[in-house]
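> Before we start, here is the structure in question, set down as structure tokens.
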Amino acid sequence: MAEIIDGKKIASEIRDGIRTRVADMEKKTGGRPGLAVVLVGNNPASAVYVRMKGKGCEEVGIKSFSYSLPENASEKELLALVDDLNRNREINGILVQLPLPGQIKEKSVIYGIDPAKDVDGFHPVNVGKLLIGDEDCFFPCTPYGCQELIARHVKDLKGKHLVIVGRSNIVGKPLANMMVQKNSRANCIVTVCHTAAPDIGYHTRQADILVVAAGSPEMVTGDMVKKGAVVIDVGTNRVQDPADATKTRLVGDVKFDEVSMVASAITPVPGGVGPMTITMLLKNTVKAYMIQNGVA
Ligand code: GUN
């Protein structure tokens, strides 16, 4: 039976460290980091995430500023808000929750955020810096959280085969580029596989470390995993409870019961990657404050 990687506990330890840093910084600079979180429309899952982000800020002493625009808000309105936030010196980080309603192009919004405040790490300036290994950038929060869990569970990453299922701009692509860098938290041999692979299992079975970010409930089964692999499940899928049709439950992209019998360590859903994502957002916000205020 695999070790359960307790993302909640690790996230809480990291948040303790962030809280101390924020308090120290306040003594040094007289100010605290500020994060603006923007929600557009009525997506219930997005509303939950945005609330959790505000709560995470509160927990560590980061000032949180919350903005809501209606479902029918125009792209122009949102860009005007982003522009205000770019200029506001109290705000060090800006996060516009995705997905956005259809009338607003995500690209326009992502490109509109000042790269120095882009704590999501989605702006092409930050994506480019990540690719070339310039650490003066923001790593996107979910892959950053995955890297933290991996680095804590695999002592020597050099030459390990990391296989990622999924090629999204939010997880798969940035994680691949982070883990291929030549540093002690990476230095892996990286494979990215996706829906075009005729046999995903052929790739996943070769993984020393397997990250699944495909958005497909329980798609990775026990026979697709090498014995002793470390498995990171990024999926959060709400499905009908087979035992009770009136209820739903949250499952990952990995069939936990089967894969936990083969892997050496595995993240649960919930309680694995999820809590890490918000924690890394808090870490990025502190970094943004430090850079913008010239604090070493
Ligand atoms: N929607 C799902 N994940 C994310 C994320 O990491 N950042 C933002 N802004 N929206 C998301």
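Numbering starts fresh at 1 for the residues of each chain in the structure tokens, the chains themselves are lettered A, B, ... in the order given, and ligands are numbered from 1 as they appear.
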Would you list the residues that come within 10 Å of ligand 1? Count only C-alpha atoms and all ligand atoms and give the answer as a ChimeraX atom specification.

/A:37-39,45-46,49-50,94-100,106,110,118-122,140-143,169-171,277-278,280-281

> Compile the contact shell of Asn187 in chain A as a list in words: residues with an atom at most 12 Å away, counting only C-alpha atoms, same-chain residues fewer than 5 positions apart removed.

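Those residues are Gly133, Gln147, Ala151, Val154, Asp156, Leu157, Lys158, Gly159, Lys160, His161, Leu162, Ala176, Asn177, Met178, Met179, Val180, Gln181 and Lys182 of chain A.
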
> May I have all residues of range 146-212 of chain A that DSSP, computed from the backbone, assigns to strand (DSSP E or B), given as a compact mmCIF listing (two decimals) with all heavy atoms, in the first residue's frame?


```
# COMPACT_ATOMS: atom_id res chain seq x y z
N HIS A 161 12.45 9.58 -14.61
CA HIS A 161 11.51 9.75 -15.72
C HIS A 161 10.17 10.24 -15.19
O HIS A 161 9.45 9.51 -14.50
CB HIS A 161 11.35 8.43 -16.48
CG HIS A 161 10.63 8.60 -17.79
ND1 HIS A 161 10.39 7.56 -18.64
CD2 HIS A 161 10.10 9.69 -18.39
CE1 HIS A 161 9.73 8.01 -19.71
NE2 HIS A 161 9.56 9.30 -19.58
N LEU A 162 9.86 11.49 -15.50
CA LEU A 162 8.59 12.09 -15.11
C LEU A 162 7.65 12.06 -16.32
O LEU A 162 8.00 12.59 -17.38
CB LEU A 162 8.82 13.54 -14.68
CG LEU A 162 7.55 14.34 -14.38
CD1 LEU A 162 7.14 14.15 -12.93
CD2 LEU A 162 7.76 15.81 -14.64
N VAL A 163 6.52 11.42 -16.15
CA VAL A 163 5.54 11.39 -17.24
C VAL A 163 4.32 12.20 -16.81
O VAL A 163 3.78 12.01 -15.71
CB VAL A 163 5.15 9.94 -17.60
CG1 VAL A 163 4.08 9.93 -18.69
CG2 VAL A 163 6.38 9.15 -18.05
N ILE A 164 3.92 13.12 -17.68
CA ILE A 164 2.75 13.97 -17.41
C ILE A 164 1.65 13.57 -18.39
O ILE A 164 1.91 13.47 -19.60
CB ILE A 164 3.10 15.46 -17.61
CG1 ILE A 164 4.26 15.86 -16.68
CG2 ILE A 164 1.88 16.35 -17.37
CD1 ILE A 164 4.89 17.20 -17.05
N VAL A 165 0.46 13.34 -17.88
CA VAL A 165 -0.69 13.12 -18.77
C VAL A 165 -1.49 14.41 -18.78
O VAL A 165 -2.02 14.83 -17.75
CB VAL A 165 -1.57 11.95 -18.28
CG1 VAL A 165 -2.69 11.68 -19.30
CG2 VAL A 165 -0.75 10.68 -18.06
N ILE A 189 13.89 13.55 -16.76
CA ILE A 189 13.59 13.23 -18.15
C ILE A 189 12.07 13.33 -18.26
O ILE A 189 11.37 12.65 -17.51
CB ILE A 189 14.04 11.78 -18.49
CG1 ILE A 189 15.46 11.50 -17.99
CG2 ILE A 189 13.84 11.48 -19.97
CD1 ILE A 189 16.52 12.45 -18.48
N VAL A 190 11.60 14.17 -19.15
CA VAL A 190 10.16 14.48 -19.14
C VAL A 190 9.45 13.99 -20.40
O VAL A 190 9.92 14.23 -21.52
CB VAL A 190 9.93 16.00 -18.98
CG1 VAL A 190 8.44 16.33 -19.03
CG2 VAL A 190 10.53 16.50 -17.67
N THR A 191 8.36 13.29 -20.20
CA THR A 191 7.46 12.92 -21.32
C THR A 191 6.11 13.57 -21.05
O THR A 191 5.61 13.51 -19.93
CB THR A 191 7.27 11.39 -21.36
OG1 THR A 191 8.52 10.76 -21.61
CG2 THR A 191 6.28 10.98 -22.45
N VAL A 192 5.55 14.19 -22.08
CA VAL A 192 4.17 14.69 -21.97
C VAL A 192 3.31 13.86 -22.91
O VAL A 192 3.60 13.79 -24.11
CB VAL A 192 4.07 16.18 -22.37
CG1 VAL A 192 2.63 16.68 -22.20
CG2 VAL A 192 5.02 17.03 -21.54
N CYS A 193 2.31 13.19 -22.38
CA CYS A 193 1.41 12.47 -23.29
C CYS A 193 0.00 13.01 -23.13
O CYS A 193 -0.34 13.67 -22.15
CB CYS A 193 1.50 10.97 -23.10
SG CYS A 193 1.14 10.40 -21.47
N ILE A 209 7.90 8.94 -11.88
CA ILE A 209 6.98 9.91 -11.27
C ILE A 209 5.89 10.16 -12.31
O ILE A 209 6.19 10.49 -13.46
CB ILE A 209 7.69 11.23 -10.94
CG1 ILE A 209 8.91 10.97 -10.05
CG2 ILE A 209 6.73 12.22 -10.28
CD1 ILE A 209 9.96 12.06 -10.12
N LEU A 210 4.64 9.98 -11.90
CA LEU A 210 3.53 10.16 -12.84
C LEU A 210 2.62 11.28 -12.35
O LEU A 210 2.15 11.24 -11.21
CB LEU A 210 2.74 8.84 -12.93
CG LEU A 210 1.49 8.85 -13.81
CD1 LEU A 210 1.84 9.13 -15.28
CD2 LEU A 210 0.75 7.50 -13.70
N VAL A 211 2.41 12.29 -13.20
CA VAL A 211 1.49 13.38 -12.86
C VAL A 211 0.33 13.31 -13.84
O VAL A 211 0.53 13.31 -15.06
CB VAL A 211 2.18 14.76 -12.96
CG1 VAL A 211 1.18 15.87 -12.62
CG2 VAL A 211 3.39 14.83 -12.04
N VAL A 212 -0.88 13.25 -13.30
CA VAL A 212 -2.03 13.12 -14.18
C VAL A 212 -2.89 14.38 -14.05
O VAL A 212 -3.41 14.69 -12.97
CB VAL A 212 -2.86 11.86 -13.85
CG1 VAL A 212 -3.87 11.61 -14.98
CG2 VAL A 212 -1.96 10.65 -13.68
```

> What is the distance, in Å and to one decimal place, between CA of Gly201 in chain A and CA of Ser264 in chain A?

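Computing it gives 18.1 Å between the two atoms.
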
> Measure the distance from CA of Leu130 in chain A to CA of Ile10 in chain A in Å and round it to one decimal.

24.2 Å

> Taking into account only C-alpha atoms, which residue in the set A:Met52, A:Ala197, A:Ala296, A:Ile62 is nearest to Thr20 in chain A?

A:Ile62

> Please determine, counting only C-alpha atoms, which residue among A:Val254, A:Gln240, A:Gly228, A:Lys247 has the shortest atom-to-atom distance to Glu3 in chain A.

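Closest to Glu3 in chain A of all the choices is A:Gly228.
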
> Would you please give, as an NGL selection string, all residues of range 117-246 of chain A that DSSP assigns to helix (DSSP H, G or I) based on the backbone?

:A and (117 or 124-132 or 141-153 or 172-179 or 200-204 or 222-224)

> Near Pro124 in chain A, within 9 Å and counting only C-alpha atoms, which residues show up once chain neighbours fewer than 5 positions away are dropped, as JSON, numbers by chain?

{"A": [110, 111, 115, 129]}

> For those residues, write N, CA, C and O atoms to a file as a PDB file, in the first residue's frame.


```pdb
ATOM      1  N   ILE A 110      -5.389  37.832 -19.882  1.00  0.00           N
ATOM      2  CA  ILE A 110      -4.068  37.358 -19.420  1.00  0.00           C
ATOM      3  C   ILE A 110      -2.972  38.320 -19.902  1.00  0.00           C
ATOM      4  O   ILE A 110      -2.084  38.693 -19.133  1.00  0.00           O
ATOM      5  N   TYR A 111      -3.071  38.759 -21.148  1.00  0.00           N
ATOM      6  CA  TYR A 111      -2.067  39.675 -21.698  1.00  0.00           C
ATOM      7  C   TYR A 111      -2.172  41.066 -21.068  1.00  0.00           C
ATOM      8  O   TYR A 111      -1.226  41.845 -21.124  1.00  0.00           O
ATOM      9  N   PRO A 115       2.885  41.803 -15.986  1.00  0.00           N
ATOM     10  CA  PRO A 115       3.623  40.571 -15.675  1.00  0.00           C
ATOM     11  C   PRO A 115       4.202  40.561 -14.256  1.00  0.00           C
ATOM     12  O   PRO A 115       4.318  39.507 -13.635  1.00  0.00           O
ATOM     13  N   LYS A 129       9.935  33.229 -19.436  1.00  0.00           N
ATOM     14  CA  LYS A 129      11.017  33.176 -18.442  1.00  0.00           C
ATOM     15  C   LYS A 129      11.114  31.780 -17.829  1.00  0.00           C
ATOM     16  O   LYS A 129      12.203  31.260 -17.609  1.00  0.00           O
TER      17      LYS A 129
END
```

> What separation in Å, quoted to one decimal, exists between CA of Asn42 in chain A and CA of Glu75 in chain A?

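Between CA of Asn42 in chain A and CA of Glu75 in chain A the gap works out to 16.1 Å.
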
> Which one is closest to Pro270 in chain A: A:Val127, A:Leu250, A:Leu282, A:Leu149? Count only C-alpha atoms.

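Residue with the minimum atom-to-atom distance to Pro270 in chain A: A:Leu250.
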
> Measuring atom to atom with only C-alpha atoms, identify which of A:Gly102, A:Pro198, A:Gly112, A:Gly145 is nearest to Thr279 in chain A.

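Smallest separation from Thr279 in chain A among the options: A:Gly145.
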
> Could you tell me which of A:Ala243, A:Ile91, A:Cys57, A:Ile14 comes closest to Ala36 in chain A if we count only C-alpha atoms?

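Among the listed residues, A:Ile91 lies closest to Ala36 in chain A.
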
> Could you tell me which of A:Ser66, A:Leu79, A:Asp199, A:Ala2 comes closest to Glu258 in chain A if we count only C-alpha atoms?

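Of all the options, A:Ala2 lies closest to Glu258 in chain A.
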
> What's the 12 Å shell around Gly17 in chain A, counting only C-alpha atoms, without same-chain residues fewer than 4 positions away, as a ChimeraX atom specification?

/A:10-13,21-24,59-61,279-280,282-283,286

> Emit the selected residues as a PDB file, in the first residue's frame, including N, CA, C and O atoms.


```pdb
ATOM      1  N   ILE A  10       1.233  19.358   4.332  1.00  0.00           N
ATOM      2  CA  ILE A  10       2.393  20.051   3.752  1.00  0.00           C
ATOM      3  C   ILE A  10       2.026  21.521   3.476  1.00  0.00           C
ATOM      4  O   ILE A  10       2.785  22.437   3.787  1.00  0.00           O
ATOM      5  N   ALA A  11       0.828  21.727   2.933  1.00  0.00           N
ATOM      6  CA  ALA A  11       0.374  23.096   2.649  1.00  0.00           C
ATOM      7  C   ALA A  11       0.321  23.905   3.935  1.00  0.00           C
ATOM      8  O   ALA A  11       0.732  25.069   3.974  1.00  0.00           O
ATOM      9  N   SER A  12      -0.146  23.284   4.999  1.00  0.00           N
ATOM     10  CA  SER A  12      -0.272  23.994   6.272  1.00  0.00           C
ATOM     11  C   SER A  12       1.121  24.366   6.818  1.00  0.00           C
ATOM     12  O   SER A  12       1.309  25.477   7.341  1.00  0.00           O
ATOM     13  N   GLU A  13       2.086  23.465   6.658  1.00  0.00           N
ATOM     14  CA  GLU A  13       3.467  23.782   7.101  1.00  0.00           C
ATOM     15  C   GLU A  13       4.017  24.970   6.304  1.00  0.00           C
ATOM     16  O   GLU A  13       4.623  25.884   6.858  1.00  0.00           O
ATOM     17  N   ARG A  21       6.922  35.013   7.428  1.00  0.00           N
ATOM     18  CA  ARG A  21       7.599  35.930   6.493  1.00  0.00           C
ATOM     19  C   ARG A  21       6.821  37.222   6.305  1.00  0.00           C
ATOM     20  O   ARG A  21       7.390  38.310   6.246  1.00  0.00           O
ATOM     21  N   VAL A  22       5.501  37.089   6.222  1.00  0.00           N
ATOM     22  CA  VAL A  22       4.662  38.281   6.050  1.00  0.00           C
ATOM     23  C   VAL A  22       4.800  39.186   7.278  1.00  0.00           C
ATOM     24  O   VAL A  22       4.951  40.413   7.160  1.00  0.00           O
ATOM     25  N   ALA A  23       4.818  38.585   8.472  1.00  0.00           N
ATOM     26  CA  ALA A  23       4.944  39.377   9.710  1.00  0.00           C
ATOM     27  C   ALA A  23       6.312  40.068   9.748  1.00  0.00           C
ATOM     28  O   ALA A  23       6.408  41.251  10.090  1.00  0.00           O
ATOM     29  N   ASP A  24       7.358  39.348   9.352  1.00  0.00           N
ATOM     30  CA  ASP A  24       8.715  39.937   9.321  1.00  0.00           C
ATOM     31  C   ASP A  24       8.761  41.109   8.346  1.00  0.00           C
ATOM     32  O   ASP A  24       9.347  42.156   8.625  1.00  0.00           O
ATOM     33  N   GLU A  59      -5.469  33.857   6.328  1.00  0.00           N
ATOM     34  CA  GLU A  59      -4.738  32.941   7.207  1.00  0.00           C
ATOM     35  C   GLU A  59      -3.279  33.344   7.406  1.00  0.00           C
ATOM     36  O   GLU A  59      -2.707  33.086   8.452  1.00  0.00           O
ATOM     37  N   VAL A  60      -2.668  33.933   6.374  1.00  0.00           N
ATOM     38  CA  VAL A  60      -1.227  34.232   6.468  1.00  0.00           C
ATOM     39  C   VAL A  60      -0.946  35.727   6.586  1.00  0.00           C
ATOM     40  O   VAL A  60       0.208  36.136   6.635  1.00  0.00           O
ATOM     41  N   GLY A  61      -1.996  36.554   6.624  1.00  0.00           N
ATOM     42  CA  GLY A  61      -1.794  37.998   6.802  1.00  0.00           C
ATOM     43  C   GLY A  61      -1.645  38.781   5.512  1.00  0.00           C
ATOM     44  O   GLY A  61      -1.251  39.944   5.531  1.00  0.00           O
ATOM     45  N   THR A 279      -1.721  27.566  -1.679  1.00  0.00           N
ATOM     46  CA  THR A 279      -0.518  27.905  -0.906  1.00  0.00           C
ATOM     47  C   THR A 279       0.556  28.514  -1.811  1.00  0.00           C
ATOM     48  O   THR A 279       1.215  29.492  -1.435  1.00  0.00           O
ATOM     49  N   MET A 280       0.719  27.967  -3.002  1.00  0.00           N
ATOM     50  CA  MET A 280       1.733  28.506  -3.910  1.00  0.00           C
ATOM     51  C   MET A 280       1.323  29.886  -4.434  1.00  0.00           C
ATOM     52  O   MET A 280       2.170  30.731  -4.702  1.00  0.00           O
ATOM     53  N   LEU A 282      -0.184  32.060  -2.568  1.00  0.00           N
ATOM     54  CA  LEU A 282       0.206  32.955  -1.468  1.00  0.00           C
ATOM     55  C   LEU A 282       1.705  33.228  -1.538  1.00  0.00           C
ATOM     56  O   LEU A 282       2.166  34.357  -1.359  1.00  0.00           O
ATOM     57  N   LYS A 283       2.469  32.165  -1.839  1.00  0.00           N
ATOM     58  CA  LYS A 283       3.923  32.304  -1.959  1.00  0.00           C
ATOM     59  C   LYS A 283       4.278  33.267  -3.100  1.00  0.00           C
ATOM     60  O   LYS A 283       5.139  34.139  -2.944  1.00  0.00           O
ATOM     61  N   VAL A 286       3.659  36.896  -2.075  1.00  0.00           N
ATOM     62  CA  VAL A 286       4.744  37.423  -1.225  1.00  0.00           C
ATOM     63  C   VAL A 286       5.951  37.778  -2.102  1.00  0.00           C
ATOM     64  O   VAL A 286       6.571  38.835  -1.935  1.00  0.00           O
TER      65      VAL A 286
END
```
